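First up is the structure itself, then whatever we jot down about it.
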Amino acid sequence: MKKTILFAIDLNTKEVIVSASEKGSKDITFVERIPQSQNELLFDAVSSMTKLTTSPKFDLALFKAMDKVCQLIYAKHTA
């Protein structure tokens with residue numbers, strides 16, 4: 001099965017928390033923490049994606065597009 005990469009922001013430590021989950025599974029596995037200083041672009045992208053979820057006019061298409069941006073930036077980070 002293909003893994004889905006999940007992102008979260010820890011504002012206390014200024015880190016992106018990266019996790020993974022198999023498609024269709026409810027299990028989430030911790031992958032790594034990336035400090036803001038190591039990848040400012042990823043931190044800002046995940047922060048923006050997180051802010052979209054609190055918008056009173058949540059736009060799923062925009063959220064999915066931002067997730068793709070985060071996935072691309074993370075793929076470059078790990079390459």
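In the structure tokens, each chain is lettered A, B, ... as it comes, each chain's residues begin at 1, and ligands are numbered from 1 in order of appearance.
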Query - All residues 8 Å or closer to region 19-31 of chain A, only C-alpha atoms, same chain fewer than 2 positions away omitted, as a ChimeraX atom specification - result: /A:1-7,17,33
Requested in this report: Report the distance between CA of Ala8 (chain A) and CA of Ser47 (chain A) in Å, rounded to one decimal place.
Outcome: 8.1 Å
Tell me, counting only C-alpha atoms, for each residue of region 30-60 of chain A within 7 Å of region 70-78 of chain A, which pair of atoms is nearest and how far apart they are in Å to one decimal, in rows ordered by chain and increasing number, as a Markdown table.
| residue | atom | partner | partner_atom | distance |
| --- | --- | --- | --- | --- |
| A:Leu42 | CA | A:Ile73 | CA | 6.0 |
| A:Ala45 | CA | A:Cys70 | CA | 6.0 |
| A:Val46 | CA | A:Cys70 | CA | 6.3 |
Requested in this report: Could you find all residues in region 43-79 of chain A that DSSP calls helix (DSSP H, G or I) from the backbone, and write them as a list in words?
Outcome: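 Taking region 43-79 of chain A and keeping helix (DSSP H, G or I) only, one gets Phe43, Asp44, Ala45, Val46, Ser47, Ser48, Met49, Thr50, Lys51, Leu52, Leu60, Ala61, Leu62, Phe63, Lys64, Ala65, Met66, Asp67, Lys68, Val69, Cys70, Gln71, Leu72, Ile73, Tyr74, Ala75, Lys76, His77 and Thr78 of chain A.
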Report task. Rank nothing, just name the residue among A:Leu11, A:Ala65, A:Val18, A:Ala79 nearest to Glu32 (chain A), using only C-alpha atoms. Result ->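 Answer, going by the shortest atom-to-atom distance: A:Val18.
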